[in-house]
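Chemist: What follows is target_1.pdb, PDB, C-alpha atoms, pLDDT in the B column.
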MODEL        1
ATOM      1  CA  MET A   6      14.011 -26.289   0.428  1.00 36.00           C
ATOM      2  CA  ALA A   7      13.132 -22.602   0.877  1.00 38.00           C
ATOM      3  CA  ARG A   8      16.015 -20.314   0.008  1.00 42.00           C
ATOM      4  CA  ARG A   9      17.347 -17.998   2.718  1.00 44.00           C
ATOM      5  CA  LEU A  10      18.967 -14.647   2.087  1.00 42.00           C
ATOM      6  CA  PRO A  11      22.432 -14.118   3.592  1.00 45.00           C
ATOM      7  CA  ARG A  12      22.123 -12.652   7.069  1.00 45.00           C
ATOM      8  CA  ALA A  13      24.445  -9.782   6.124  1.00 44.00           C
ATOM      9  CA  LEU A  14      22.082  -8.749   3.322  1.00 44.00           C
ATOM     10  CA  LEU A  15      19.096  -8.961   5.628  1.00 47.00           C
ATOM     11  CA  PHE A  16      20.842  -6.807   8.178  1.00 48.00           C
ATOM     12  CA  CYS A  17      21.649  -4.202   5.514  1.00 49.00           C
ATOM     13  CA  ALA A  18      18.023  -4.260   4.390  1.00 47.00           C
ATOM     14  CA  LEU A  19      16.895  -3.685   7.957  1.00 52.00           C
ATOM     15  CA  LEU A  20      19.267  -0.756   8.354  1.00 48.00           C
ATOM     16  CA  GLN A  21      17.954   0.789   5.141  1.00 49.00           C
ATOM     17  CA  SER A  22      14.351   0.304   6.228  1.00 45.00           C
ATOM     18  CA  CYS A  23      14.806   1.662   9.741  1.00 46.00           C
ATOM     19  CA  ALA A  24      16.146   5.123  10.436  1.00 42.00           C
ATOM     20  CA  THR A  25      16.487   4.428  14.133  1.00 45.00           C
ATOM     21  CA  GLY A  26      19.252   3.515  16.509  1.00 53.00           C
ATOM     22  CA  GLY A  27      16.830   2.176  19.085  1.00 67.00           C
ATOM     23  CA  SER A  28      15.862  -1.288  20.207  1.00 77.00           C
ATOM     24  CA  PRO A  29      15.030  -4.202  17.863  1.00 75.00           C
ATOM     25  CA  ALA A  30      11.373  -3.665  18.717  1.00 76.00           C
ATOM     26  CA  GLU A  31      11.618  -0.035  17.606  1.00 82.00           C
ATOM     27  CA  ALA A  32      13.483  -1.075  14.449  1.00 80.00           C
ATOM     28  CA  ALA A  33      10.787  -3.615  13.600  1.00 84.00           C
ATOM     29  CA  ARG A  34       8.047  -1.069  14.223  1.00 83.00           C
ATOM     30  CA  SER A  35       9.828   1.508  12.034  1.00 87.00           C
ATOM     31  CA  TRP A  36      10.125  -1.019   9.203  1.00 90.00           C
ATOM     32  CA  ALA A  37       6.446  -1.966   9.530  1.00 91.00           C
ATOM     33  CA  GLU A  38       5.422   1.701   9.425  1.00 92.00           C
ATOM     34  CA  GLY A  39       7.274   2.213   6.125  1.00 95.00           C
ATOM     35  CA  PRO A  40       5.973   1.122   2.709  1.00 97.00           C
ATOM     36  CA  ALA A  41       5.954  -2.510   3.876  1.00 96.00           C
ATOM     37  CA  ARG A  42       2.775  -1.574   5.769  1.00 96.00           C
ATOM     38  CA  TRP A  43       0.786  -1.917   2.555  1.00 97.00           C
ATOM     39  CA  LEU A  44       1.726  -5.604   2.206  1.00 97.00           C
ATOM     40  CA  LEU A  45       1.659  -6.625   5.862  1.00 96.00           C
ATOM     41  CA  LEU A  46      -1.261  -8.874   6.797  1.00 93.00           C
ATOM     42  CA  PRO A  47      -2.861  -8.915  10.268  1.00 91.00           C
ATOM     43  CA  ASP A  48      -0.960 -12.013  11.450  1.00 91.00           C
ATOM     44  CA  GLU A  49       2.339 -10.473  10.364  1.00 93.00           C
ATOM     45  CA  ILE A  50       1.563  -7.190  12.108  1.00 91.00           C
ATOM     46  CA  GLY A  51       0.839  -9.115  15.306  1.00 88.00           C
ATOM     47  CA  GLU A  52       4.158 -10.920  15.025  1.00 88.00           C
ATOM     48  CA  ILE A  53       6.121  -7.711  14.397  1.00 86.00           C
ATOM     49  CA  ARG A  54       4.662  -6.105  17.519  1.00 83.00           C
ATOM     50  CA  HIS A  55       6.128  -8.828  19.714  1.00 84.00           C
ATOM     51  CA  LEU A  56       9.700  -8.875  18.367  1.00 83.00           C
ATOM     52  CA  ARG A  57      12.383  -8.119  20.935  1.00 81.00           C
ATOM     53  CA  ASP A  58      15.774  -9.109  19.477  1.00 84.00           C
ATOM     54  CA  ASP A  59      17.770  -8.594  16.288  1.00 83.00           C
ATOM     55  CA  ARG A  60      17.593 -12.184  15.089  1.00 86.00           C
ATOM     56  CA  ALA A  61      13.828 -12.267  15.487  1.00 87.00           C
ATOM     57  CA  VAL A  62      13.474  -9.036  13.474  1.00 87.00           C
ATOM     58  CA  LEU A  63      15.683 -10.348  10.660  1.00 87.00           C
ATOM     59  CA  ALA A  64      13.889 -13.691  10.619  1.00 89.00           C
ATOM     60  CA  ALA A  65      10.474 -11.990  10.437  1.00 90.00           C
ATOM     61  CA  ILE A  66      11.519  -9.822   7.493  1.00 91.00           C
ATOM     62  CA  ASP A  67      13.019 -12.881   5.819  1.00 91.00           C
ATOM     63  CA  ARG A  68       9.737 -14.795   6.219  1.00 93.00           C
ATOM     64  CA  PHE A  69       7.777 -11.756   5.014  1.00 95.00           C
ATOM     65  CA  TRP A  70       9.584 -11.717   1.677  1.00 96.00           C
ATOM     66  CA  GLN A  71       9.725 -15.480   1.294  1.00 95.00           C
ATOM     67  CA  ARG A  72       5.939 -15.654   1.572  1.00 96.00           C
ATOM     68  CA  ARG A  73       5.789 -13.335  -1.431  1.00 97.00           C
ATOM     69  CA  ASP A  74       8.515 -14.935  -3.527  1.00 97.00           C
ATOM     70  CA  PRO A  75       6.777 -16.586  -6.509  1.00 95.00           C
ATOM     71  CA  ASP A  76       9.593 -19.160  -6.894  1.00 94.00           C
ATOM     72  CA  PRO A  77      11.719 -19.674  -3.758  1.00 92.00           C
ATOM     73  CA  ALA A  78      13.942 -22.155  -5.618  1.00 92.00           C
ATOM     74  CA  ALA A  79      15.034 -19.545  -8.190  1.00 94.00           C
ATOM     75  CA  PRO A  80      17.623 -16.813  -7.566  1.00 93.00           C
ATOM     76  CA  GLY A  81      16.323 -13.428  -6.524  1.00 93.00           C
ATOM     77  CA  ASN A  82      12.833 -12.381  -5.534  1.00 96.00           C
ATOM     78  CA  PRO A  83      10.798 -10.705  -8.327  1.00 96.00           C
ATOM     79  CA  ALA A  84       8.161  -9.544  -5.856  1.00 97.00           C
ATOM     80  CA  LYS A  85      10.704  -7.679  -3.761  1.00 96.00           C
ATOM     81  CA  LYS A  86      12.262  -6.167  -6.886  1.00 96.00           C
ATOM     82  CA  THR A  87       8.866  -4.963  -8.102  1.00 97.00           C
ATOM     83  CA  PHE A  88       8.036  -3.591  -4.663  1.00 98.00           C
ATOM     84  CA  THR A  89      11.329  -1.670  -4.431  1.00 97.00           C
ATOM     85  CA  GLN A  90      10.849  -0.113  -7.872  1.00 98.00           C
ATOM     86  CA  ARG A  91       7.248   0.885  -7.191  1.00 98.00           C
ATOM     87  CA  VAL A  92       8.226   2.449  -3.863  1.00 98.00           C
ATOM     88  CA  ALA A  93      10.866   4.531  -5.654  1.00 97.00           C
ATOM     89  CA  ASP A  94       8.342   5.566  -8.316  1.00 98.00           C
ATOM     90  CA  ALA A  95       5.739   6.521  -5.710  1.00 97.00           C
ATOM     91  CA  ASP A  96       8.292   8.570  -3.770  1.00 97.00           C
ATOM     92  CA  SER A  97       9.173  10.548  -6.900  1.00 96.00           C
ATOM     93  CA  LEU A  98       5.565  11.098  -7.996  1.00 95.00           C
ATOM     94  CA  TYR A  99       3.459  11.606  -4.884  1.00 95.00           C
ATOM     95  CA  ALA A 100       5.601  13.200  -2.153  1.00 91.00           C
ATOM     96  CA  ASP A 101       3.392  15.235   0.184  1.00 86.00           C
ATOM     97  CA  GLY A 102       5.478  17.736   2.141  1.00 83.00           C
ATOM     98  CA  ASP A 103       7.557  15.706   4.593  1.00 86.00           C
ATOM     99  CA  ARG A 104       5.598  12.527   3.869  1.00 90.00           C
ATOM    100  CA  ARG A 105       7.130  10.041   1.457  1.00 95.00           C
ATOM    101  CA  GLY A 106       5.150   9.507  -1.712  1.00 96.00           C
ATOM    102  CA  CYS A 107       4.913   5.764  -1.079  1.00 97.00           C
ATOM    103  CA  LEU A 108       3.025   6.463   2.168  1.00 97.00           C
ATOM    104  CA  THR A 109       0.292   8.554   0.533  1.00 96.00           C
ATOM    105  CA  PRO A 110      -3.019   7.135  -0.731  1.00 97.00           C
ATOM    106  CA  ARG A 111      -1.930   7.172  -4.369  1.00 97.00           C
ATOM    107  CA  GLY A 112       1.461   5.812  -3.335  1.00 97.00           C
ATOM    108  CA  GLN A 113      -0.256   2.867  -1.651  1.00 98.00           C
ATOM    109  CA  ALA A 114      -2.234   2.131  -4.811  1.00 98.00           C
ATOM    110  CA  LEU A 115       0.862   2.341  -6.996  1.00 98.00           C
ATOM    111  CA  VAL A 116       2.820  -0.003  -4.725  1.00 98.00           C
ATOM    112  CA  LEU A 117       0.043  -2.584  -4.579  1.00 98.00           C
ATOM    113  CA  LEU A 118      -1.317  -2.458  -8.123  1.00 98.00           C
ATOM    114  CA  GLY A 119       1.302  -0.766 -10.267  1.00 97.00           C
ATOM    115  CA  PRO A 120       0.670   2.261 -12.501  1.00 97.00           C
ATOM    116  CA  PRO A 121      -2.945   2.594 -13.657  1.00 96.00           C
ATOM    117  CA  PRO A 122      -3.434   1.759 -17.348  1.00 96.00           C
ATOM    118  CA  ALA A 123      -6.323   4.239 -17.509  1.00 96.00           C
ATOM    119  CA  LEU A 124      -6.768   7.581 -15.730  1.00 95.00           C
ATOM    120  CA  ARG A 125      -9.928   9.676 -15.726  1.00 95.00           C
ATOM    121  CA  TYR A 126     -10.389  13.160 -14.327  1.00 94.00           C
ATOM    122  CA  ASN A 127     -13.607  14.963 -13.535  1.00 93.00           C
ATOM    123  CA  GLN A 128     -15.079  17.692 -11.377  1.00 90.00           C
ATOM    124  CA  ARG A 129     -18.399  17.943  -9.641  1.00 84.00           C
ATOM    125  CA  GLU A 130     -20.227  20.052  -7.102  1.00 80.00           C
ATOM    126  CA  VAL A 131     -19.947  18.858  -3.514  1.00 73.00           C
ATOM    127  CA  LYS A 132     -21.994  20.158  -0.588  1.00 71.00           C
ATOM    128  CA  GLN A 133     -20.275  20.755   2.741  1.00 70.00           C
ATOM    129  CA  LEU A 134     -21.635  21.706   6.152  1.00 66.00           C
ATOM    130  CA  GLN A 135     -20.298  24.999   7.451  1.00 65.00           C
ATOM    131  CA  PRO A 136     -19.317  25.617  11.091  1.00 65.00           C
ATOM    132  CA  ARG A 137     -21.828  28.473  11.477  1.00 63.00           C
ATOM    133  CA  ARG A 138     -25.601  28.146  11.817  1.00 60.00           C
ATOM    134  CA  VAL A 139     -28.446  30.435  10.781  1.00 56.00           C
ATOM    135  CA  ALA A 140     -31.581  30.427  12.944  1.00 61.00           C
ATOM    136  CA  GLY A 141     -30.375  27.196  14.523  1.00 61.00           C
ATOM    137  CA  GLU A 142     -30.037  25.405  11.202  1.00 67.00           C
ATOM    138  CA  ALA A 143     -26.817  24.113   9.659  1.00 64.00           C
ATOM    139  CA  VAL A 144     -25.500  26.030   6.689  1.00 68.00           C
ATOM    140  CA  THR A 145     -24.224  24.231   3.622  1.00 72.00           C
ATOM    141  CA  ALA A 146     -21.928  25.522   0.931  1.00 75.00           C
ATOM    142  CA  VAL A 147     -21.157  24.140  -2.504  1.00 77.00           C
ATOM    143  CA  HIS A 148     -17.659  23.865  -3.911  1.00 74.00           C
ATOM    144  CA  ILE A 149     -16.177  22.274  -7.007  1.00 86.00           C
ATOM    145  CA  ALA A 150     -14.167  19.144  -6.174  1.00 88.00           C
ATOM    146  CA  SER A 151     -11.696  17.448  -8.507  1.00 93.00           C
ATOM    147  CA  PHE A 152     -11.412  13.672  -8.747  1.00 95.00           C
ATOM    148  CA  GLU A 153      -8.934  11.238 -10.239  1.00 96.00           C
ATOM    149  CA  ALA A 154     -10.008   7.684 -11.107  1.00 97.00           C
ATOM    150  CA  TRP A 155      -7.579   4.792 -11.580  1.00 98.00           C
ATOM    151  CA  ILE A 156      -8.996   2.008 -13.749  1.00 98.00           C
ATOM    152  CA  TYR A 157      -7.575  -1.527 -14.053  1.00 98.00           C
ATOM    153  CA  GLY A 158      -9.130  -4.092 -16.393  1.00 96.00           C
ATOM    154  CA  PRO A 159      -8.858  -7.889 -16.131  1.00 95.00           C
ATOM    155  CA  ASP A 160      -5.672  -8.008 -18.212  1.00 95.00           C
ATOM    156  CA  ASP A 161      -4.039  -5.501 -15.855  1.00 96.00           C
ATOM    157  CA  LEU A 162      -4.491  -7.661 -12.759  1.00 96.00           C
ATOM    158  CA  SER A 163      -2.516 -10.672 -11.593  1.00 95.00           C
ATOM    159  CA  PRO A 164      -4.237 -14.078 -11.803  1.00 95.00           C
ATOM    160  CA  THR A 165      -4.171 -14.239  -8.008  1.00 96.00           C
ATOM    161  CA  LEU A 166      -5.987 -10.927  -7.654  1.00 97.00           C
ATOM    162  CA  GLN A 167      -8.499 -11.941 -10.310  1.00 97.00           C
ATOM    163  CA  LYS A 168      -9.232 -15.080  -8.307  1.00 96.00           C
ATOM    164  CA  LEU A 169      -9.623 -13.135  -5.062  1.00 96.00           C
ATOM    165  CA  LEU A 170     -12.045 -10.751  -6.765  1.00 97.00           C
ATOM    166  CA  GLU A 171     -14.042 -13.679  -8.115  1.00 96.00           C
ATOM    167  CA  GLU A 172     -14.192 -15.280  -4.662  1.00 96.00           C
ATOM    168  CA  ALA A 173     -15.423 -11.956  -3.275  1.00 95.00           C
ATOM    169  CA  GLY A 174     -18.211 -11.918  -5.869  1.00 95.00           C
ATOM    170  CA  ARG A 175     -16.727  -9.022  -7.830  1.00 95.00           C
ATOM    171  CA  GLU A 176     -15.852  -8.488 -11.456  1.00 93.00           C
ATOM    172  CA  ALA A 177     -12.200  -8.891 -12.433  1.00 93.00           C
ATOM    173  CA  SER A 178     -11.555  -5.160 -12.568  1.00 95.00           C
ATOM    174  CA  VAL A 179     -10.512  -2.480 -10.124  1.00 97.00           C
ATOM    175  CA  SER A 180     -11.559   1.156  -9.887  1.00 97.00           C
ATOM    176  CA  LEU A 181     -10.105   3.589  -7.362  1.00 98.00           C
ATOM    177  CA  LEU A 182     -11.334   7.148  -6.883  1.00 97.00           C
ATOM    178  CA  PHE A 183      -9.177   9.850  -5.320  1.00 97.00           C
ATOM    179  CA  GLU A 184     -10.279  13.352  -4.366  1.00 94.00           C
ATOM    180  CA  ASP A 185      -7.759  16.103  -5.067  1.00 91.00           C
ATOM    181  CA  LEU A 186      -7.194  18.083  -1.864  1.00 88.00           C
ATOM    182  CA  GLY A 187      -4.745  20.542  -3.405  1.00 86.00           C
ATOM    183  CA  ASP A 188      -0.990  20.958  -2.854  1.00 84.00           C
ATOM    184  CA  ASP A 189      -0.358  17.496  -4.386  1.00 81.00           C
ATOM    185  CA  ARG A 190      -2.477  15.865  -1.667  1.00 88.00           C
ATOM    186  CA  SER A 191      -5.319  13.432  -2.212  1.00 93.00           C
ATOM    187  CA  ARG A 192      -7.517  10.992  -0.370  1.00 94.00           C
ATOM    188  CA  LEU A 193      -9.005   7.694  -1.437  1.00 97.00           C
ATOM    189  CA  ILE A 194     -12.782   7.860  -1.320  1.00 95.00           C
ATOM    190  CA  GLU A 195     -13.741   4.713  -3.267  1.00 96.00           C
ATOM    191  CA  GLY A 196     -12.045   1.336  -3.674  1.00 96.00           C
ATOM    192  CA  ARG A 197     -10.371   0.680  -0.341  1.00 96.00           C
ATOM    193  CA  GLU A 198     -11.644  -2.910  -0.399  1.00 96.00           C
ATOM    194  CA  PHE A 199      -9.706  -3.519  -3.618  1.00 97.00           C
ATOM    195  CA  LEU A 200      -6.444  -2.530  -1.948  1.00 97.00           C
ATOM    196  CA  ALA A 201      -7.033  -5.025   0.860  1.00 95.00           C
ATOM    197  CA  LEU A 202      -7.443  -7.790  -1.718  1.00 97.00           C
ATOM    198  CA  ALA A 203      -4.419  -6.530  -3.648  1.00 97.00           C
ATOM    199  CA  ALA A 204      -2.252  -6.888  -0.542  1.00 97.00           C
ATOM    200  CA  LYS A 205      -3.328 -10.529  -0.193  1.00 96.00           C
ATOM    201  CA  SER A 206      -2.607 -11.168  -3.855  1.00 97.00           C
ATOM    202  CA  TRP A 207       1.122 -10.677  -3.265  1.00 97.00           C
ATOM    203  CA  LEU A 208       1.269 -13.894  -1.247  1.00 96.00           C
ATOM    204  CA  ARG A 209       2.585 -16.988  -2.984  1.00 94.00           C
ATOM    205  CA  ALA A 210      -0.059 -19.705  -3.223  1.00 86.00           C
ATOM    206  CA  GLY A 211       0.130 -21.864  -0.112  1.00 82.00           C
ATOM    207  CA  ALA A 212       2.512 -19.495   1.691  1.00 78.00           C
TER     208      ALA A 212
ENDMDL
END
The structure in this file should be written as structure tokens.

Modeler:
Amino acid sequence: MARRLPRALLFCALLQSCATGGSPAEAARSWAEGPARWLLLPDEIGEIRHLRDDRAVLAAIDRFWQRRDPDPAAPGNPAKKTFTQRVADADSLYADGDRRGCLTPRGQALVLLGPPPALRYNQREVKQLQPRRVAGEAVTAVHIASFEAWIYGPDDLSPTLQKLLEEAGREASVSLLFEDLGDDRSRLIEGREFLALAAKSWLRAGA
């Protein structure tokens, strides 16, 4: 039989996830807009949007974590523990002004995949269109852009993610490329499809 967390603990978790005193629907939306967003699948997002009472919110969060518990019969939930630790690490490493580190592009990658075993940095010239025109023609300028690559080999990925990559016709490795935008900000420019598969890999088989 699937193990249920005590309702009191679930309620505390909800309070910690939601900095709102509004309705259950607002609380659910606030939780879904936090770091849990990186693990939420489309069907779960649809469910969250329709929640209207406290019990429904708690039950949805309970189901969310149970679907990702590798062994529901054993005490604790290793997936939730890993998630909580990675969120804390991302917040400390990648904070961007008022935005939590876990909600940044690199924070998303860290939450889903863990710390990269290999990092590579490089710079290259990038052409950009300028807002002005000369004789009716667009003007381009060249600037030096900095990039950060996160590399994961087969041994760095979970068996579930390896299988999902194989089913997608890809090699069992992941490469993400971030462009440095300055002021500790970055954007993901290559590898978004890997993060979508990584989110699915958190699900327990058959859940």

Chemist: For Phe88 (chain A), list every protein, DNA or RNA residue within 12 Å, evaluated using all atoms listed in the file, and leave out those in the same chain fewer than 2 positions away; present the list as a ChimeraX atom specification.

Modeler: /A:40-44,70,73-74,82-86,90-95,107,112-119,204,207

Chemist: With 6 Å on each side, where is the centre of the axis-aligned box around all listed atoms of region 191-208 of chain A, and how long are its edges in Å to one decimal, as AutoDock Vina command-line options?

Modeler:
--center_x -6.2 --center_y -0.2 --center_z -1.5 --size_x 27.0 --size_y 39.3 --size_z 16.7

Chemist: Carefully work through the PyMOL selection byres ((chain A and resi 59) around 10) for this structure and note down the residues it includes, as a JSON list (two decimals) with C-alpha atoms, in the frame of the given file.

Modeler:
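Output contents, as saved in part_0.json:
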[["chain", "number", "residue", "atom", "x", "y", "z"],
["A", 16, "PHE", "CA", 20.84, -6.81, 8.18],
["A", 19, "LEU", "CA", 16.90, -3.68, 7.96],
["A", 28, "SER", "CA", 15.86, -1.29, 20.21],
["A", 29, "PRO", "CA", 15.03, -4.20, 17.86],
["A", 30, "ALA", "CA", 11.37, -3.66, 18.72],
["A", 32, "ALA", "CA", 13.48, -1.08, 14.45],
["A", 33, "ALA", "CA", 10.79, -3.62, 13.60],
["A", 56, "LEU", "CA", 9.70, -8.88, 18.37],
["A", 57, "ARG", "CA", 12.38, -8.12, 20.94],
["A", 58, "ASP", "CA", 15.77, -9.11, 19.48],
["A", 60, "ARG", "CA", 17.59, -12.18, 15.09],
["A", 61, "ALA", "CA", 13.83, -12.27, 15.49],
["A", 62, "VAL", "CA", 13.47, -9.04, 13.47],
["A", 63, "LEU", "CA", 15.68, -10.35, 10.66],
["A", 64, "ALA", "CA", 13.89, -13.69, 10.62],
["A", 65, "ALA", "CA", 10.47, -11.99, 10.44]]

Chemist: Work out how far CA of Phe183 (chain A) is from CA of Lys168 (chain A), in Å to one decimal.

Modeler: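 Calculated distance between CA of Lys168 (chain A) and CA of Phe183 (chain A) is 25.1 Å.
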
Chemist: Using the chain letters and numbers from the file, give me the residues hit by the PyMOL selection byres ((chain A and resi 190-197) around 12), as a PyMOL selection string.

Modeler: chain A and resi 43+98-106+108-114+117+150-157+178-189+198-204

Chemist: What separation in Å, quoted to one decimal, exists between CA of Gln71 (chain A) and CA of Ala212 (chain A)?

Modeler: 8.3 Å

Chemist: Can you tell me how far CA of Lys205 (chain A) sits from CA of His55 (chain A), in Å to one decimal?

Modeler: 22.1 Å

Chemist: Writing N, CA and C atoms and nothing else, produce region 161-184 of chain A as a CSV table (one decimal), in the first residue's frame.

Modeler:
chain,number,residue,atom,x,y,z
A,161,ASP,N,27.0,9.7,-15.2
A,161,ASP,CA,26.4,10.8,-14.4
A,161,ASP,C,24.9,10.9,-14.4
A,162,LEU,N,24.3,10.1,-15.3
A,162,LEU,CA,22.9,10.1,-15.4
A,162,LEU,C,22.2,8.9,-14.8
A,163,SER,N,20.9,9.1,-14.4
A,163,SER,CA,20.2,8.0,-13.8
A,163,SER,C,19.8,7.0,-14.9
A,164,PRO,N,19.6,5.7,-14.5
A,164,PRO,CA,19.2,4.7,-15.5
A,164,PRO,C,17.9,5.1,-16.2
A,165,THR,N,17.0,5.8,-15.5
A,165,THR,CA,15.8,6.2,-16.1
A,165,THR,C,16.0,7.2,-17.2
A,166,LEU,N,16.9,8.2,-16.9
A,166,LEU,CA,17.2,9.2,-17.9
A,166,LEU,C,17.9,8.6,-19.1
A,167,GLN,N,18.8,7.7,-18.8
A,167,GLN,CA,19.5,7.1,-19.9
A,167,GLN,C,18.5,6.4,-20.8
A,168,LYS,N,17.5,5.7,-20.2
A,168,LYS,CA,16.5,5.0,-21.1
A,168,LYS,C,15.7,6.0,-21.9
A,169,LEU,N,15.3,7.1,-21.3
A,169,LEU,CA,14.6,8.1,-22.0
A,169,LEU,C,15.4,8.7,-23.1
A,170,LEU,N,16.7,8.9,-22.9
A,170,LEU,CA,17.5,9.4,-24.0
A,170,LEU,C,17.6,8.4,-25.2
A,171,GLU,N,17.7,7.1,-24.8
A,171,GLU,CA,17.8,6.1,-25.8
A,171,GLU,C,16.5,6.0,-26.6
A,172,GLU,N,15.4,6.1,-25.9
A,172,GLU,CA,14.1,6.1,-26.6
A,172,GLU,C,13.9,7.3,-27.5
A,173,ALA,N,14.6,8.4,-27.2
A,173,ALA,CA,14.5,9.6,-28.0
A,173,ALA,C,15.5,9.6,-29.1
A,174,GLY,N,16.3,8.5,-29.2
A,174,GLY,CA,17.3,8.4,-30.3
A,174,GLY,C,18.5,9.2,-30.0
A,175,ARG,N,18.8,9.4,-28.7
A,175,ARG,CA,20.0,10.2,-28.4
A,175,ARG,C,21.0,9.4,-27.6
A,176,GLU,N,22.3,9.9,-27.6
A,176,GLU,CA,23.3,9.2,-26.9
A,176,GLU,C,23.0,9.5,-25.4
A,177,ALA,N,23.6,8.6,-24.6
A,177,ALA,CA,23.4,8.7,-23.1
A,177,ALA,C,24.3,9.7,-22.5
A,178,SER,N,24.2,10.9,-22.9
A,178,SER,CA,25.0,12.0,-22.4
A,178,SER,C,24.1,13.3,-22.5
A,179,VAL,N,24.5,14.3,-21.7
A,179,VAL,CA,23.8,15.6,-21.7
A,179,VAL,C,24.8,16.7,-21.8
A,180,SER,N,24.5,17.7,-22.7
A,180,SER,CA,25.3,18.9,-22.7
A,180,SER,C,24.4,20.1,-22.8
A,181,LEU,N,24.6,21.0,-21.8
A,181,LEU,CA,23.8,22.2,-21.7
A,181,LEU,C,24.8,23.4,-22.0
A,182,LEU,N,24.3,24.4,-22.7
A,182,LEU,CA,25.2,25.6,-23.0
A,182,LEU,C,24.4,26.8,-22.5
A,183,PHE,N,25.1,27.6,-21.6
A,183,PHE,CA,24.6,28.8,-21.1
A,183,PHE,C,25.4,30.0,-21.6
A,184,GLU,N,24.7,31.1,-21.9
A,184,GLU,CA,25.4,32.3,-22.3
A,184,GLU,C,25.4,33.2,-21.0
